[in-house]
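Novice: Please find one structure pasted underneath; my questions will follow.
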Amino acid sequence: MSRDLGFGHEAHPLIGRLVRDVASGTEGLLMAVVVEEVATHDGRRWTRRAYIRPPGGGRELPTAVGNIEPLAAR
């Protein structure tokens, strides 16, 4: 179980490491894992989302926590 760091943020062993989102192929640094409420076609629900910052910076991209895998250091 993840430790709550406040504001919905959770501790995760891959934070700060290079990861890949297996759903989209996006690679970058895992910046945060957040529990947040999202809108769905069936109403609102709580979900855990991972935020990946692409190489070179820019907007962090969300994905399901289960979609991330670590990358070997390059």
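Please note that chains go A, B, ... in the order of the structure tokens, that every chain numbers its residues from 1, and that ligands are numbered from 1 in the order shown.
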Find the residues near Gly25 (chain A): any atom within 10 Å, counting only C-alpha atoms, skip ones fewer than 5 places away on the same chain, and give them as a list in words.
Specialist: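 Residues meeting the cut-off are Val19, Arg20, Asn67 and Ile68 of chain A.
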Novice: Show me, as a ChimeraX atom specification, the residues that have an atom within 9 Å of Leu29 (chain A) when counting only C-alpha atoms, minus same-chain residues fewer than 6 positions from it.
Specialist: /A:14-20,51-55
Novice: Store the residues picked out above in a file with all heavy atoms, as a JSON list (two decimals), in the first residue's frame.
Specialist:
[["chain", "number", "residue", "atom", "x", "y", "z"],
["A", 14, "LEU", "N", 8.94, 4.34, -8.09],
["A", 14, "LEU", "CA", 9.49, 4.80, -9.37],
["A", 14, "LEU", "C", 9.50, 6.31, -9.54],
["A", 14, "LEU", "O", 9.94, 6.82, -10.57],
["A", 14, "LEU", "CB", 8.72, 4.15, -10.53],
["A", 14, "LEU", "CG", 8.83, 2.63, -10.63],
["A", 14, "LEU", "CD1", 7.98, 2.10, -11.78],
["A", 14, "LEU", "CD2", 10.28, 2.20, -10.79],
["A", 15, "ILE", "N", 9.03, 7.06, -8.55],
["A", 15, "ILE", "CA", 9.02, 8.52, -8.67],
["A", 15, "ILE", "C", 10.47, 9.01, -8.84],
["A", 15, "ILE", "O", 11.36, 8.61, -8.10],
["A", 15, "ILE", "CB", 8.33, 9.19, -7.48],
["A", 15, "ILE", "CG1", 6.83, 8.93, -7.56],
["A", 15, "ILE", "CG2", 8.62, 10.70, -7.44],
["A", 15, "ILE", "CD1", 6.01, 9.48, -6.43],
["A", 16, "GLY", "N", 10.66, 9.86, -9.85],
["A", 16, "GLY", "CA", 11.99, 10.40, -10.15],
["A", 16, "GLY", "C", 12.80, 9.51, -11.09],
["A", 16, "GLY", "O", 13.92, 9.86, -11.46],
["A", 17, "ARG", "N", 12.23, 8.38, -11.51],
["A", 17, "ARG", "CA", 12.94, 7.46, -12.41],
["A", 17, "ARG", "C", 12.32, 7.50, -13.80],
["A", 17, "ARG", "O", 11.16, 7.89, -13.97],
["A", 17, "ARG", "CB", 12.89, 6.04, -11.86],
["A", 17, "ARG", "CG", 13.68, 5.89, -10.58],
["A", 17, "ARG", "CD", 13.83, 4.48, -10.12],
["A", 17, "ARG", "NE", 14.24, 3.57, -11.18],
["A", 17, "ARG", "CZ", 14.04, 2.25, -11.13],
["A", 17, "ARG", "NH1", 13.44, 1.70, -10.09],
["A", 17, "ARG", "NH2", 14.43, 1.48, -12.13],
["A", 18, "LEU", "N", 13.10, 7.06, -14.80],
["A", 18, "LEU", "CA", 12.59, 6.96, -16.16],
["A", 18, "LEU", "C", 11.60, 5.81, -16.26],
["A", 18, "LEU", "O", 11.89, 4.71, -15.79],
["A", 18, "LEU", "CB", 13.73, 6.73, -17.14],
["A", 18, "LEU", "CG", 14.63, 7.92, -17.41],
["A", 18, "LEU", "CD1", 15.81, 7.48, -18.28],
["A", 18, "LEU", "CD2", 13.86, 9.03, -18.09],
["A", 19, "VAL", "N", 10.44, 6.10, -16.85],
["A", 19, "VAL", "CA", 9.39, 5.09, -17.01],
["A", 19, "VAL", "C", 8.80, 5.18, -18.41],
["A", 19, "VAL", "O", 9.02, 6.15, -19.14],
["A", 19, "VAL", "CB", 8.27, 5.25, -15.97],
["A", 19, "VAL", "CG1", 8.79, 5.06, -14.55],
["A", 19, "VAL", "CG2", 7.58, 6.61, -16.10],
["A", 20, "ARG", "N", 8.02, 4.16, -18.78],
["A", 20, "ARG", "CA", 7.27, 4.16, -20.03],
["A", 20, "ARG", "C", 5.81, 3.88, -19.70],
["A", 20, "ARG", "O", 5.51, 3.04, -18.86],
["A", 20, "ARG", "CB", 7.77, 3.06, -20.95],
["A", 20, "ARG", "CG", 6.92, 2.92, -22.24],
["A", 20, "ARG", "CD", 7.34, 1.76, -23.12],
["A", 20, "ARG", "NE", 8.68, 1.98, -23.63],
["A", 20, "ARG", "CZ", 9.72, 1.17, -23.38],
["A", 20, "ARG", "NH1", 9.57, 0.08, -22.66],
["A", 20, "ARG", "NH2", 10.90, 1.44, -23.88],
["A", 51, "TYR", "N", 1.80, 10.61, -13.34],
["A", 51, "TYR", "CA", 2.12, 11.75, -14.21],
["A", 51, "TYR", "C", 3.56, 11.64, -14.67],
["A", 51, "TYR", "O", 4.48, 11.59, -13.86],
["A", 51, "TYR", "CB", 1.86, 13.07, -13.48],
["A", 51, "TYR", "CG", 0.39, 13.38, -13.40],
["A", 51, "TYR", "CD1", -0.39, 12.87, -12.37],
["A", 51, "TYR", "CD2", -0.22, 14.13, -14.40],
["A", 51, "TYR", "CE1", -1.76, 13.12, -12.33],
["A", 51, "TYR", "CE2", -1.59, 14.39, -14.35],
["A", 51, "TYR", "CZ", -2.34, 13.88, -13.31],
["A", 51, "TYR", "OH", -3.69, 14.13, -13.27],
["A", 52, "ILE", "N", 3.74, 11.60, -16.00],
["A", 52, "ILE", "CA", 5.05, 11.42, -16.62],
["A", 52, "ILE", "C", 5.45, 12.71, -17.32],
["A", 52, "ILE", "O", 4.70, 13.23, -18.16],
["A", 52, "ILE", "CB", 5.01, 10.26, -17.64],
["A", 52, "ILE", "CG1", 4.61, 8.97, -16.94],
["A", 52, "ILE", "CG2", 6.36, 10.12, -18.35],
["A", 52, "ILE", "CD1", 4.33, 7.82, -17.90],
["A", 53, "ARG", "N", 6.66, 13.22, -17.01],
["A", 53, "ARG", "CA", 7.18, 14.42, -17.68],
["A", 53, "ARG", "C", 8.07, 13.97, -18.83],
["A", 53, "ARG", "O", 9.05, 13.27, -18.63],
["A", 53, "ARG", "CB", 7.98, 15.29, -16.72],
["A", 53, "ARG", "CG", 8.52, 16.56, -17.41],
["A", 53, "ARG", "CD", 9.22, 17.47, -16.46],
["A", 53, "ARG", "NE", 8.25, 18.01, -15.51],
["A", 53, "ARG", "CZ", 8.58, 18.53, -14.33],
["A", 53, "ARG", "NH1", 9.84, 18.57, -13.96],
["A", 53, "ARG", "NH2", 7.65, 18.98, -13.54],
["A", 54, "PRO", "N", 7.75, 14.39, -20.06],
["A", 54, "PRO", "CA", 8.55, 13.98, -21.22],
["A", 54, "PRO", "C", 9.99, 14.50, -21.13],
["A", 54, "PRO", "O", 10.24, 15.50, -20.44],
["A", 54, "PRO", "CB", 7.83, 14.64, -22.40],
["A", 54, "PRO", "CG", 6.49, 15.04, -21.90],
["A", 54, "PRO", "CD", 6.62, 15.24, -20.43],
["A", 55, "PRO", "N", 10.93, 13.86, -21.83],
["A", 55, "PRO", "CA", 12.31, 14.36, -21.87],
["A", 55, "PRO", "C", 12.32, 15.81, -22.37],
["A", 55, "PRO", "O", 11.58, 16.16, -23.28],
["A", 55, "PRO", "CB", 13.00, 13.44, -22.87],
["A", 55, "PRO", "CG", 12.15, 12.22, -22.95],
["A", 55, "PRO", "CD", 10.75, 12.67, -22.65]]
Novice: CA of Val34 (chain A) and CA of Ala11 (chain A), how far apart in Å?
Specialist: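 These two atoms are separated by 9.1 Å.
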Novice: To one decimal in Å, tell me the separation between CA of Ser24 (chain A) and CA of Gly56 (chain A).
Specialist: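 Distance between the two atoms: 18.1 Å.
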Novice: For Ala72 (chain A), which residue out of A:Glu60, A:Asp42, A:Glu36, A:Glu27 is the nearest one, using only C-alpha atoms?
Specialist: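 The answer is A:Glu27, which sits nearest to Ala72 (chain A).
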Novice: Between CA of Thr40 (chain A) and CA of Gly57 (chain A), what is the distance in Å, rounded to a tenth?
Specialist: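 Separating CA of Thr40 (chain A) from CA of Gly57 (chain A) is a distance of 28.8 Å.
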